[in-house]
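K.L.:
Coordinates in model29.pdb, PDB, C-alpha atoms, are listed below.
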MODEL        1
ATOM      1  CA  MET A  13     307.885 247.092 -70.557
ATOM      2  CA  THR A  14     310.645 245.409 -72.570
ATOM      3  CA  ILE A  15     313.824 244.026 -71.047
ATOM      4  CA  GLU A  16     315.742 246.863 -72.661
ATOM      5  CA  GLU A  17     313.470 249.498 -71.131
ATOM      6  CA  GLN A  18     313.752 247.932 -67.692
ATOM      7  CA  ILE A  19     317.544 247.810 -67.885
ATOM      8  CA  ARG A  20     317.643 251.390 -69.178
ATOM      9  CA  ASP A  21     315.587 252.510 -66.164
ATOM     10  CA  ILE A  22     317.965 250.744 -63.777
ATOM     11  CA  VAL A  23     321.127 252.141 -65.379
ATOM     12  CA  ALA A  24     319.657 255.666 -65.523
ATOM     13  CA  ARG A  25     318.585 255.521 -61.870
ATOM     14  CA  ILE A  26     321.928 254.245 -60.614
ATOM     15  CA  SER A  27     324.051 256.542 -62.796
ATOM     16  CA  ARG A  28     321.704 259.473 -62.121
ATOM     17  CA  VAL A  29     321.268 260.372 -65.794
ATOM     18  CA  ASP A  30     318.203 260.942 -67.931
ATOM     19  CA  LYS A  31     317.283 257.650 -69.556
ATOM     20  CA  SER A  32     316.774 259.356 -72.905
ATOM     21  CA  ILE A  33     320.544 259.710 -73.325
ATOM     22  CA  ILE A  34     321.126 255.958 -73.051
ATOM     23  CA  THR A  35     321.159 254.276 -76.444
ATOM     24  CA  ARG A  36     322.305 250.782 -77.380
ATOM     25  CA  GLU A  37     325.568 252.343 -78.552
ATOM     26  CA  SER A  38     326.226 254.209 -75.292
ATOM     27  CA  THR A  39     329.285 253.071 -73.366
ATOM     28  CA  PHE A  40     329.363 253.183 -69.578
ATOM     29  CA  LYS A  41     331.851 256.013 -69.979
ATOM     30  CA  ASP A  42     329.374 257.938 -72.156
ATOM     31  CA  ILE A  43     326.820 257.875 -69.365
ATOM     32  CA  LYS A  44     329.499 258.603 -66.756
ATOM     33  CA  ALA A  45     328.910 255.324 -64.936
ATOM     34  CA  ASP A  46     331.843 254.464 -62.682
ATOM     35  CA  SER A  47     332.852 250.939 -61.679
ATOM     36  CA  LEU A  48     330.532 250.978 -58.651
ATOM     37  CA  ASP A  49     327.602 252.113 -60.819
ATOM     38  CA  VAL A  50     328.293 249.182 -63.133
ATOM     39  CA  VAL A  51     328.407 246.690 -60.247
ATOM     40  CA  GLN A  52     325.195 248.095 -58.779
ATOM     41  CA  ALA A  53     323.488 247.942 -62.173
ATOM     42  CA  LEU A  54     324.603 244.333 -62.620
ATOM     43  CA  VAL A  55     323.274 243.435 -59.167
ATOM     44  CA  ALA A  56     319.939 245.166 -59.771
ATOM     45  CA  VAL A  57     319.508 243.464 -63.141
ATOM     46  CA  GLU A  58     320.501 240.080 -61.726
ATOM     47  CA  GLU A  59     317.916 240.432 -58.969
ATOM     48  CA  LEU A  60     315.159 241.680 -61.270
ATOM     49  CA  PHE A  61     315.548 238.930 -63.861
ATOM     50  CA  GLU A  62     316.848 236.236 -61.485
ATOM     51  CA  ILE A  63     319.895 235.589 -63.599
ATOM     52  CA  GLU A  64     323.621 235.738 -63.029
ATOM     53  CA  ILE A  65     326.060 237.810 -65.031
ATOM     54  CA  PRO A  66     329.628 236.611 -64.448
ATOM     55  CA  ASP A  67     332.221 239.373 -64.036
ATOM     56  CA  GLU A  68     334.243 237.913 -66.931
ATOM     57  CA  VAL A  69     331.224 238.406 -69.217
ATOM     58  CA  ALA A  70     330.323 241.856 -67.893
ATOM     59  CA  GLN A  71     333.870 243.080 -68.424
ATOM     60  CA  LYS A  72     333.473 242.377 -72.147
ATOM     61  CA  PHE A  73     330.371 244.543 -72.588
ATOM     62  CA  GLN A  74     331.400 247.287 -75.011
ATOM     63  CA  ASN A  75     328.188 249.247 -74.671
ATOM     64  CA  PHE A  76     324.649 249.270 -73.274
ATOM     65  CA  GLY A  77     323.462 247.177 -76.237
ATOM     66  CA  ASP A  78     325.850 244.335 -75.325
ATOM     67  CA  PHE A  79     324.504 244.402 -71.767
ATOM     68  CA  VAL A  80     320.888 244.249 -72.974
ATOM     69  CA  SER A  81     321.576 241.518 -75.540
ATOM     70  CA  TYR A  82     323.269 239.343 -72.923
ATOM     71  CA  VAL A  83     320.385 239.730 -70.474
ATOM     72  CA  GLU A  84     317.830 239.038 -73.224
ATOM     73  CA  SER A  85     319.619 235.813 -74.158
ATOM     74  CA  LYS A  86     319.870 234.704 -70.504
ATOM     75  CA  VAL A  87     316.201 235.452 -69.848
ATOM     76  CA  ALA A  88     315.191 233.585 -73.020
ATOM     77  CA  LYS A  89     317.276 230.575 -71.947
ATOM     78  CA  ALA A  90     315.761 230.639 -68.456
ATOM     79  CA  GLU A  91     312.254 230.711 -69.921
ATOM     80  CA  LYS A  92     312.980 227.638 -72.051
ATOM     81  CA  VAL A  93     314.090 225.592 -69.024
TER      82      VAL A  93
ATOM     83  CA  MET B  17     340.822 220.637 -32.625
ATOM     84  CA  SER B  18     337.428 219.255 -33.562
ATOM     85  CA  LEU B  19     334.407 221.186 -34.744
ATOM     86  CA  GLU B  20     332.279 218.094 -35.149
ATOM     87  CA  GLY B  21     328.577 218.819 -34.949
ATOM     88  CA  LYS B  22     329.077 222.572 -35.247
ATOM     89  CA  LEU B  23     327.215 224.666 -37.808
ATOM     90  CA  ALA B  24     329.132 227.484 -39.466
ATOM     91  CA  LEU B  25     328.040 230.330 -41.728
ATOM     92  CA  VAL B  26     330.732 231.893 -43.907
ATOM     93  CA  THR B  27     329.792 235.090 -45.719
ATOM     94  CA  GLY B  28     331.455 235.443 -49.087
ATOM     95  CA  GLY B  29     332.225 231.763 -48.723
ATOM     96  CA  GLY B  30     332.306 230.771 -52.374
ATOM     97  CA  ARG B  31     335.731 232.050 -53.295
ATOM     98  CA  GLY B  32     339.105 233.140 -52.020
ATOM     99  CA  ILE B  33     339.629 233.393 -48.272
ATOM    100  CA  GLY B  34     335.986 232.500 -47.518
ATOM    101  CA  LYS B  35     336.281 229.288 -49.486
ATOM    102  CA  ALA B  36     339.494 228.318 -47.703
ATOM    103  CA  ILE B  37     337.813 228.990 -44.341
ATOM    104  CA  GLY B  38     334.765 226.895 -45.258
ATOM    105  CA  LEU B  39     336.977 223.998 -46.320
ATOM    106  CA  LYS B  40     339.128 224.260 -43.192
ATOM    107  CA  LEU B  41     336.131 224.306 -40.840
ATOM    108  CA  ALA B  42     334.638 221.378 -42.786
ATOM    109  CA  SER B  43     337.895 219.439 -42.511
ATOM    110  CA  GLN B  44     337.477 219.710 -38.736
ATOM    111  CA  GLY B  45     333.944 218.396 -38.867
ATOM    112  CA  ALA B  46     331.730 221.484 -39.099
ATOM    113  CA  ASP B  47     328.736 221.676 -41.404
ATOM    114  CA  VAL B  48     329.025 224.836 -43.476
ATOM    115  CA  ILE B  49     326.548 227.302 -44.926
ATOM    116  CA  VAL B  50     328.221 229.115 -47.808
ATOM    117  CA  ASN B  51     326.854 232.612 -48.309
ATOM    118  CA  PHE B  52     327.399 234.197 -51.707
ATOM    119  CA  PHE B  53     326.164 237.295 -53.465
ATOM    120  CA  ARG B  54     326.915 237.225 -57.191
ATOM    121  CA  HIS B  55     328.848 234.026 -57.851
ATOM    122  CA  ARG B  56     326.497 231.103 -57.440
ATOM    123  CA  ASP B  57     328.604 228.693 -59.505
ATOM    124  CA  ALA B  58     331.629 229.279 -57.286
ATOM    125  CA  ALA B  59     329.470 228.771 -54.171
ATOM    126  CA  LEU B  60     328.049 225.524 -55.570
ATOM    127  CA  GLU B  61     331.547 224.262 -56.371
ATOM    128  CA  THR B  62     332.738 225.151 -52.863
ATOM    129  CA  ALA B  63     329.735 223.402 -51.312
ATOM    130  CA  LYS B  64     330.565 220.321 -53.379
ATOM    131  CA  GLU B  65     334.160 220.360 -52.140
ATOM    132  CA  ILE B  66     332.965 220.786 -48.557
ATOM    133  CA  GLU B  67     330.578 217.843 -48.860
ATOM    134  CA  ALA B  68     333.411 215.725 -50.233
ATOM    135  CA  LEU B  69     334.994 216.129 -46.789
ATOM    136  CA  GLY B  70     332.069 214.240 -45.276
ATOM    137  CA  VAL B  71     330.042 217.091 -43.803
ATOM    138  CA  LYS B  72     326.930 218.933 -44.910
ATOM    139  CA  ALA B  73     327.014 222.100 -46.980
ATOM    140  CA  GLU B  74     324.348 224.550 -48.101
ATOM    141  CA  ILE B  75     324.522 227.701 -50.167
ATOM    142  CA  ILE B  76     322.552 230.837 -49.415
ATOM    143  CA  ARG B  77     322.407 234.037 -51.448
ATOM    144  CA  ALA B  78     322.429 237.426 -49.753
ATOM    145  CA  ASN B  79     324.013 240.803 -50.251
ATOM    146  CA  VAL B  80     325.320 241.536 -46.770
ATOM    147  CA  GLY B  81     325.373 245.220 -47.660
ATOM    148  CA  ASP B  82     321.574 245.118 -47.605
ATOM    149  CA  ALA B  83     319.995 244.952 -44.124
ATOM    150  CA  ALA B  84     316.798 243.324 -45.409
ATOM    151  CA  LYS B  85     318.782 240.574 -47.163
ATOM    152  CA  ILE B  86     320.716 239.873 -43.965
ATOM    153  CA  ASP B  87     317.409 239.437 -42.147
ATOM    154  CA  GLU B  88     316.128 237.114 -44.853
ATOM    155  CA  MET B  89     319.318 235.039 -44.686
ATOM    156  CA  PHE B  90     319.133 234.629 -40.901
ATOM    157  CA  ASP B  91     315.376 233.980 -41.035
ATOM    158  CA  THR B  92     316.113 231.122 -43.448
ATOM    159  CA  ILE B  93     318.928 229.736 -41.273
ATOM    160  CA  GLY B  94     316.775 230.113 -38.159
ATOM    161  CA  SER B  95     313.811 228.263 -39.582
ATOM    162  CA  LYS B  96     315.912 225.541 -41.208
ATOM    163  CA  PHE B  97     318.483 224.860 -38.461
ATOM    164  CA  GLY B  98     317.308 226.829 -35.409
ATOM    165  CA  ARG B  99     320.916 227.393 -34.338
ATOM    166  CA  LEU B 100     324.355 228.609 -35.384
ATOM    167  CA  ASP B 101     327.709 227.868 -33.738
ATOM    168  CA  ILE B 102     330.193 229.766 -35.877
ATOM    169  CA  PHE B 103     329.730 232.976 -37.820
ATOM    170  CA  ILE B 104     332.526 234.040 -40.162
ATOM    171  CA  ASN B 105     332.192 237.624 -41.336
ATOM    172  CA  ASN B 106     334.323 237.430 -44.458
ATOM    173  CA  ALA B 107     332.396 239.047 -47.344
ATOM    174  CA  ALA B 108     333.989 242.289 -48.450
ATOM    175  CA  SER B 109     333.864 244.780 -51.232
ATOM    176  CA  GLY B 110     335.238 248.207 -51.899
ATOM    177  CA  VAL B 111     335.913 251.057 -54.210
ATOM    178  CA  GLY B 112     339.562 251.767 -54.920
ATOM    179  CA  ARG B 113     339.935 255.524 -54.975
ATOM    180  CA  PRO B 114     341.984 258.192 -53.227
ATOM    181  CA  ALA B 115     340.209 260.000 -50.388
ATOM    182  CA  LEU B 116     339.598 263.155 -52.393
ATOM    183  CA  GLU B 117     337.797 261.215 -55.116
ATOM    184  CA  LEU B 118     335.455 259.259 -52.858
ATOM    185  CA  ASP B 119     331.758 260.047 -53.002
ATOM    186  CA  SER B 120     329.112 259.115 -50.465
ATOM    187  CA  LYS B 121     327.841 256.276 -52.628
ATOM    188  CA  ALA B 122     331.248 254.562 -52.651
ATOM    189  CA  TRP B 123     331.567 255.197 -48.915
ATOM    190  CA  GLU B 124     328.183 253.723 -48.054
ATOM    191  CA  TRP B 125     328.584 250.709 -50.351
ATOM    192  CA  THR B 126     331.910 249.791 -48.777
ATOM    193  CA  MET B 127     331.005 250.575 -45.181
ATOM    194  CA  ASN B 128     327.728 248.679 -45.392
ATOM    195  CA  ILE B 129     329.321 245.510 -46.719
ATOM    196  CA  ASN B 130     332.561 245.596 -44.749
ATOM    197  CA  ALA B 131     331.561 247.090 -41.396
ATOM    198  CA  ARG B 132     327.791 247.365 -40.895
ATOM    199  CA  ALA B 133     327.319 243.746 -41.970
ATOM    200  CA  LEU B 134     329.288 242.580 -38.928
ATOM    201  CA  LEU B 135     326.967 244.499 -36.627
ATOM    202  CA  LEU B 136     323.744 243.311 -38.245
ATOM    203  CA  CYS B 137     324.894 239.722 -38.749
ATOM    204  CA  ALA B 138     326.353 239.454 -35.232
ATOM    205  CA  GLN B 139     323.035 240.655 -33.761
ATOM    206  CA  ARG B 140     321.180 237.913 -35.599
ATOM    207  CA  ALA B 141     323.897 235.276 -35.094
ATOM    208  CA  ALA B 142     323.948 235.939 -31.328
ATOM    209  CA  ARG B 143     320.247 235.070 -31.165
ATOM    210  CA  LEU B 144     320.938 231.738 -32.865
ATOM    211  CA  MET B 145     323.825 231.118 -30.449
ATOM    212  CA  GLU B 146     321.765 231.879 -27.349
ATOM    213  CA  GLY B 147     322.235 229.300 -24.605
ATOM    214  CA  ARG B 148     324.926 227.438 -26.529
ATOM    215  CA  GLY B 149     327.711 229.991 -27.033
ATOM    216  CA  GLY B 150     329.531 230.461 -30.283
ATOM    217  CA  LYS B 151     332.316 232.032 -32.285
ATOM    218  CA  VAL B 152     332.313 235.154 -34.420
ATOM    219  CA  VAL B 153     335.406 235.751 -36.524
ATOM    220  CA  SER B 154     335.840 238.566 -39.039
ATOM    221  CA  ILE B 155     338.425 239.122 -41.725
ATOM    222  CA  SER B 156     340.264 242.416 -41.836
ATOM    223  CA  SER B 157     343.397 243.668 -43.524
ATOM    224  CA  LEU B 158     346.525 245.647 -42.769
ATOM    225  CA  GLY B 159     344.796 248.565 -44.493
ATOM    226  CA  SER B 160     342.952 249.226 -41.226
ATOM    227  CA  SER B 161     346.194 250.347 -39.571
ATOM    228  CA  PHE B 162     348.455 251.252 -42.487
ATOM    229  CA  VAL B 163     347.950 253.370 -45.576
ATOM    230  CA  LEU B 164     347.710 251.379 -48.807
ATOM    231  CA  PRO B 165     347.351 253.043 -52.225
ATOM    232  CA  ASN B 166     343.723 253.952 -53.064
ATOM    233  CA  TYR B 167     342.513 251.757 -50.221
ATOM    234  CA  THR B 168     340.989 254.640 -48.244
ATOM    235  CA  VAL B 169     337.408 253.587 -47.700
ATOM    236  CA  VAL B 170     338.237 249.900 -47.431
ATOM    237  CA  GLY B 171     340.889 250.669 -44.822
ATOM    238  CA  VAL B 172     338.437 252.835 -42.873
ATOM    239  CA  SER B 173     335.754 250.154 -43.057
ATOM    240  CA  LYS B 174     338.206 247.558 -41.761
ATOM    241  CA  ALA B 175     339.193 249.872 -38.898
ATOM    242  CA  ALA B 176     335.499 250.156 -37.993
ATOM    243  CA  LEU B 177     335.158 246.385 -38.178
ATOM    244  CA  GLU B 178     338.116 245.943 -35.837
ATOM    245  CA  ALA B 179     336.709 248.429 -33.312
ATOM    246  CA  LEU B 180     333.346 246.697 -33.489
ATOM    247  CA  THR B 181     335.098 243.378 -32.867
ATOM    248  CA  ARG B 182     336.263 244.716 -29.492
ATOM    249  CA  TYR B 183     332.836 246.060 -28.492
ATOM    250  CA  LEU B 184     331.040 242.891 -29.544
ATOM    251  CA  ALA B 185     333.619 240.736 -27.756
ATOM    252  CA  ILE B 186     332.858 242.404 -24.433
ATOM    253  CA  GLU B 187     329.107 242.596 -24.926
ATOM    254  CA  LEU B 188     328.847 238.952 -25.956
ATOM    255  CA  ALA B 189     331.447 237.561 -23.539
ATOM    256  CA  ALA B 190     328.851 236.688 -20.929
ATOM    257  CA  GLN B 191     326.978 234.620 -23.513
ATOM    258  CA  ASN B 192     330.107 232.569 -24.188
ATOM    259  CA  ILE B 193     330.404 234.010 -27.657
ATOM    260  CA  CYS B 194     334.026 234.621 -28.627
ATOM    261  CA  VAL B 195     334.497 237.507 -31.034
ATOM    262  CA  ASN B 196     337.803 238.077 -32.810
ATOM    263  CA  THR B 197     339.227 239.225 -36.121
ATOM    264  CA  VAL B 198     342.023 238.020 -38.348
ATOM    265  CA  ALA B 199     343.832 240.791 -40.234
ATOM    266  CA  ALA B 200     345.873 239.683 -43.195
ATOM    267  CA  SER B 201     348.288 241.373 -45.525
ATOM    268  CA  ALA B 202     347.582 240.960 -49.242
ATOM    269  CA  VAL B 203     346.299 237.458 -49.876
ATOM    270  CA  GLU B 204     346.600 235.617 -53.180
ATOM    271  CA  THR B 205     342.979 235.747 -54.401
ATOM    272  CA  GLU B 206     340.897 236.867 -57.390
ATOM    273  CA  ALA B 207     340.144 240.091 -55.509
ATOM    274  CA  LEU B 208     343.833 240.917 -55.363
ATOM    275  CA  LYS B 209     344.178 240.280 -59.096
ATOM    276  CA  PHE B 210     341.541 242.963 -59.542
ATOM    277  CA  TYR B 211     343.681 245.388 -57.561
ATOM    278  CA  PHE B 212     346.687 244.556 -59.735
ATOM    279  CA  LYS B 213     344.626 245.077 -62.865
ATOM    280  CA  GLU B 214     343.363 248.420 -61.653
ATOM    281  CA  GLY B 215     346.947 249.483 -61.086
ATOM    282  CA  LEU B 216     346.392 249.795 -57.363
ATOM    283  CA  ALA B 217     349.089 247.356 -56.451
ATOM    284  CA  LYS B 218     352.174 245.621 -57.705
ATOM    285  CA  ASP B 219     352.542 242.004 -56.662
ATOM    286  CA  SER B 220     356.191 242.381 -55.711
ATOM    287  CA  HIS B 221     355.128 244.744 -52.918
ATOM    288  CA  TYR B 222     353.234 241.963 -51.234
ATOM    289  CA  VAL B 223     355.881 239.324 -50.823
ATOM    290  CA  THR B 224     356.276 239.050 -47.054
ATOM    291  CA  PRO B 225     359.572 238.791 -45.159
ATOM    292  CA  VAL B 226     358.916 235.048 -45.208
ATOM    293  CA  GLY B 227     359.530 235.113 -48.953
ATOM    294  CA  ARG B 228     356.029 234.454 -50.222
ATOM    295  CA  MET B 229     352.588 235.997 -50.112
ATOM    296  CA  VAL B 230     349.953 235.086 -47.549
ATOM    297  CA  THR B 231     347.597 232.385 -48.861
ATOM    298  CA  PRO B 232     343.903 231.924 -48.089
ATOM    299  CA  GLU B 233     344.874 228.760 -46.211
ATOM    300  CA  ASP B 234     347.223 230.737 -43.935
ATOM    301  CA  VAL B 235     344.244 232.870 -42.920
ATOM    302  CA  ALA B 236     341.884 229.895 -42.648
ATOM    303  CA  ASN B 237     344.239 228.098 -40.259
ATOM    304  CA  VAL B 238     344.090 230.970 -37.782
ATOM    305  CA  VAL B 239     340.336 231.390 -38.188
ATOM    306  CA  ALA B 240     339.855 227.686 -37.428
ATOM    307  CA  PHE B 241     341.984 228.023 -34.309
ATOM    308  CA  LEU B 242     339.880 230.974 -33.136
ATOM    309  CA  CYS B 243     336.801 228.803 -33.674
ATOM    310  CA  SER B 244     338.204 226.072 -31.439
ATOM    311  CA  GLU B 245     337.736 225.708 -27.693
ATOM    312  CA  GLU B 246     341.515 226.104 -27.305
ATOM    313  CA  ALA B 247     341.053 229.796 -28.179
ATOM    314  CA  PHE B 248     338.262 230.294 -25.626
ATOM    315  CA  MET B 249     340.077 233.005 -23.679
ATOM    316  CA  ILE B 250     341.054 235.057 -26.727
ATOM    317  CA  ARG B 251     338.477 237.834 -26.947
ATOM    318  CA  GLY B 252     338.235 241.014 -28.985
ATOM    319  CA  GLN B 253     341.645 240.559 -30.566
ATOM    320  CA  ILE B 254     342.946 241.372 -34.012
ATOM    321  CA  ILE B 255     345.304 238.551 -34.952
ATOM    322  CA  VAL B 256     347.661 239.612 -37.733
ATOM    323  CA  VAL B 257     348.632 237.100 -40.422
ATOM    324  CA  ASP B 258     351.184 238.854 -42.612
ATOM    325  CA  GLY B 259     354.420 236.880 -42.558
ATOM    326  CA  GLY B 260     355.929 239.642 -40.438
ATOM    327  CA  THR B 261     355.230 242.406 -42.961
ATOM    328  CA  SER B 262     353.815 244.912 -40.472
ATOM    329  CA  VAL B 263     356.524 244.503 -37.834
ATOM    330  CA  GLY B 264     359.254 244.575 -40.475
ATOM    331  CA  LEU B 265     358.180 247.790 -42.179
ATOM    332  CA  PHE B 266     361.341 249.708 -41.295
ATOM    333  CA  ALA B 267     363.633 246.746 -41.866
ATOM    334  CA  THR B 268     362.261 246.227 -45.383
ATOM    335  CA  ALA B 269     361.636 249.876 -46.343
ATOM    336  CA  GLY B 270     362.673 250.519 -49.926
ATOM    337  CA  LYS B 271     363.171 246.834 -50.719
ATOM    338  CA  GLY B 272     359.568 246.059 -51.674
ATOM    339  CA  GLY B 273     359.885 246.680 -55.397
ATOM    340  CA  GLU B 274     363.208 244.943 -55.932
TER     341      GLU B 274
ENDMDL
END
Before we go any further, please render this structure as structure tokens.
P.N.:
Amino acid sequence: MTIEEQIRDIVARISRVDKSIITRESTFKDIKADSLDVVQALVAVEELFEIEIPDEVAQKFQNFGDFVSYVESKVAKAEKV
Amino acid sequence: MSLEGKLALVTGGGRGIGKAIGLKLASQGADVIVNFFRHRDAALETAKEIEALGVKAEIIRANVGDAAKIDEMFDTIGSKFGRLDIFINNAASGVGRPALELDSKAWEWTMNINARALLLCAQRAARLMEGRGGKVVSISSLGSSFVLPNYTVVGVSKAALEALTRYLAIELAAQNICVNTVAASAVETEALKFYFKEGLAKDSHYVTPVGRMVTPEDVANVVAFLCSEEAFMIRGQIIVVDGGTSVGLFATAGKGGE
């Protein structure tokens, strides 16, 4: 399972939507995720990948793709260390 | 007041009020365990500042809204230190919505972190304080007694925390564990900036009759006093730190936004 698929599963579960509607272009608003959904998704992703996503960074995510790209880059960096 | 040789755990201790409390307790000689949830860098920085005061500091990650994580945290503290003298229940979260827009998810999230965590942590802390006594101090807000805009579930959770403070104080009195809460008006922290940003508050509303806002240090000073032996006979109380805001409500009505 790719990082993107794992994050999609988490976001779909927390926002209670079908994962098929979540594309890289989807905004949190598109998938009707409220601020608590976003926090819970961040927490779940942080715990799964053992990374940290600062609030200042998360607030700049324009869409699901930004979220995935950031996590992919953090995971890649962590693997290098 | 000296807390030399005491071991304190501060939940949400990396930033804001929790950080100020950790530093204050450290300045009086206590070793401090800084609990954090999502902001490790802030917790590490706080631990560094605490150690610079000549005491020991540790950081420990746990979401206090999650019962299993609370158990893990206390298991770790138990096996590493085998004791705890001071437990500061400071971590808080919340969803800013009017009552009619709250769903059960927002309710549970807020209640679990703000109210249930005190129960679960106090149960575990009391075991680590057995035979030695201890202090449990929580942080509440004026929203427990007064209506603040979109503060519904946070206010309710703080009211539950305050009620629990009284029950725990009586139940734990015989074990020489002092349980109290400090309730503050709006405190200058990152969390408050979030409320401003969300349009839930205007900063001018939070200037107290004293002429300034409450600072984290104002709260920490009272928490440190409650952790001292001088406060031994204060039990189950909610000590308000608000620059007189709550008692001056009628005197200042209509002047807040000027």
K.L.:
Using all atoms listed in the file, which residue out of A:Arg20, A:Arg36, A:Arg28, A:Lys89 lies closest to chain B?
P.N.:
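Distance minimum relative to chain B lands on A:Arg28.
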K.L.:
Just how far from atom CA of A:Ser38 is atom CA of A:Phe76, in Å to one decimal?
P.N.:
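Rounded to one decimal, the two atoms are 5.6 Å apart.
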K.L.:
Could you tell me which residues the ChimeraX specification (/B :<9) & /A returns for this structure, as number ranges by chain?
P.N.:
A: 47-48, 55, 58, 64-67
K.L.:
Neighbourhood query: residues within 12 Å of (343.2, 234.3, -26.8), file coordinates, counting all atoms listed in the file; return as number ranges by chain.
P.N.:
B: 185, 194-197, 238, 241-255
K.L.:
For B:Gly70, please output as a ChimeraX atom specification all residues within 12 Å (counting all atoms listed in the file; exclusion window: fewer than 5 positions along the same chain).
P.N.:
/B:20-21,39,41-48,63-65
K.L.:
Which polymer residues have any atom within 8 Å of an atom of A:Ile22, counting only C-alpha atoms, with same-chain residues fewer than 2 positions away left out, as a ChimeraX atom specification?
P.N.:
/A:18-20,24-26,53,56-57
K.L.:
I want to know what sits within 9 Å of stretch 258-263 of chain B, based on only C-alpha atoms, with residues of the same chain fewer than 4 positions away left out; could you give that as a PyMOL selection string?
P.N.:
chain B and resi 158+162+199-203+222-230+267-268
K.L.:
Take the PyMOL selection byres ((chain B and resi 165) around 9), apply it to the structure above, and return the hits as a list in words.
P.N.:
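Applied to this file, the PyMOL selection byres ((chain B and resi 165) around 9) selects Gly112, Arg113, Pro114, Val163, Leu164, Asn166, Tyr167, Thr168, Leu216 and Ala217 of chain B.
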K.L.:
Enumerate, as JSON, numbers by chain, the residues matched when the PyMOL selection byres ((chain A and resi 43) around 10) is run on the file above.
P.N.:
{"A": [23, 24, 27, 28, 29, 30, 31, 33, 34, 35, 38, 39, 40, 41, 42, 44, 45, 46, 76]}
K.L.:
Would you work out the distance separating atom CA of B:Glu117 from atom CA of B:Ser161, expressed in Å to one decimal?
P.N.:
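Straight-line distance from atom CA of B:Glu117 to atom CA of B:Ser161 works out to 20.7 Å.
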K.L.:
I'd like the interatomic distance between atom CA of B:Gly29 and atom CA of B:Leu134, to a tenth of an Å.
P.N.:
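Taking atom CA of B:Gly29 as the start and atom CA of B:Leu134 as the end point, the length is 14.9 Å.
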K.L.:
Neighbouring residues of B:Val235 were defined as those with any atom within 8 Å, considering all atoms listed in the file; residues of the same chain fewer than 3 positions away were excluded. Please report them as an mmCIF file with C-alpha atoms, in the coordinates of the input.
P.N.:
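Output file out39.cif is given in full below:
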data_model
loop_
_atom_site.group_PDB
_atom_site.id
_atom_site.type_symbol
_atom_site.label_atom_id
_atom_site.label_comp_id
_atom_site.auth_asym_id
_atom_site.auth_seq_id
_atom_site.Cartn_x
_atom_site.Cartn_y
_atom_site.Cartn_z
ATOM 1 C CA ILE B 33 339.629 233.393 -48.272
ATOM 2 C CA ILE B 37 337.813 228.990 -44.341
ATOM 3 C CA VAL B 198 342.023 238.020 -38.348
ATOM 4 C CA ALA B 200 345.873 239.683 -43.195
ATOM 5 C CA VAL B 230 349.953 235.086 -47.549
ATOM 6 C CA THR B 231 347.597 232.385 -48.861
ATOM 7 C CA PRO B 232 343.903 231.924 -48.089
ATOM 8 C CA VAL B 238 344.090 230.970 -37.782
ATOM 9 C CA VAL B 239 340.336 231.390 -38.188
ATOM 10 C CA VAL B 257 348.632 237.100 -40.422
#
K.L.:
Compare B:Lys40, B:Arg31, B:Val152, B:Asp234 by their minimum atom-to-atom distance to B:Ser18, counting all atoms listed in the file, and give me the closest one.
P.N.:
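Among the listed residues, B:Lys40 lies closest to B:Ser18.
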K.L.:
Which neighbours of B:Ala107 fall inside 10 Å, counting only C-alpha atoms, when residues of the same chain fewer than 6 positions from it are skipped, and could you give them as a list in words?
P.N.:
Val26, Thr27, Gly28, Gly29, Gly30, Arg31, Ile33, Gly34, Asn51, Phe52, Phe53, Asn79, Val80, Gly81, Ile129, Asn130, Ala133, Leu134, Ser154 and Ile155 of chain B
K.L.:
What would the file look like if the residues just selected were written as a PDB file, in the coordinates of the input with C-alpha atoms?
P.N.:
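Result file follows (again32.pdb):
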ATOM      1  CA  VAL B  26     330.732 231.893 -43.907  1.00  0.00           C
ATOM      2  CA  THR B  27     329.792 235.090 -45.719  1.00  0.00           C
ATOM      3  CA  GLY B  28     331.455 235.443 -49.087  1.00  0.00           C
ATOM      4  CA  GLY B  29     332.225 231.763 -48.723  1.00  0.00           C
ATOM      5  CA  GLY B  30     332.306 230.771 -52.374  1.00  0.00           C
ATOM      6  CA  ARG B  31     335.731 232.050 -53.295  1.00  0.00           C
ATOM      7  CA  ILE B  33     339.629 233.393 -48.272  1.00  0.00           C
ATOM      8  CA  GLY B  34     335.986 232.500 -47.518  1.00  0.00           C
ATOM      9  CA  ASN B  51     326.854 232.612 -48.309  1.00  0.00           C
ATOM     10  CA  PHE B  52     327.399 234.197 -51.707  1.00  0.00           C
ATOM     11  CA  PHE B  53     326.164 237.295 -53.465  1.00  0.00           C
ATOM     12  CA  ASN B  79     324.013 240.803 -50.251  1.00  0.00           C
ATOM     13  CA  VAL B  80     325.320 241.536 -46.770  1.00  0.00           C
ATOM     14  CA  GLY B  81     325.373 245.220 -47.660  1.00  0.00           C
ATOM     15  CA  ILE B 129     329.321 245.510 -46.719  1.00  0.00           C
ATOM     16  CA  ASN B 130     332.561 245.596 -44.749  1.00  0.00           C
ATOM     17  CA  ALA B 133     327.319 243.746 -41.970  1.00  0.00           C
ATOM     18  CA  LEU B 134     329.288 242.580 -38.928  1.00  0.00           C
ATOM     19  CA  SER B 154     335.840 238.566 -39.039  1.00  0.00           C
ATOM     20  CA  ILE B 155     338.425 239.122 -41.725  1.00  0.00           C
TER      21      ILE B 155
END
K.L.:
Calculate, to one decimal in Å, the centre and edge lengths of the box along x, y and z of the file that holds all listed atoms of stretch 63-77 of chain A with 5 Å of margin on each side, and present them as JSON.
P.N.:
{"center_x": 327.1, "center_y": 242.4, "center_z": -69.6, "size_x": 24.3, "size_y": 23.7, "size_z": 23.2}
K.L.:
Counting all atoms listed in the file, which residue out of B:Thr92, B:Asn128, B:Ser156, B:Thr62 sits closest to B:Ile104?
P.N.:
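So, comparing all the options, the nearest one is B:Ser156.
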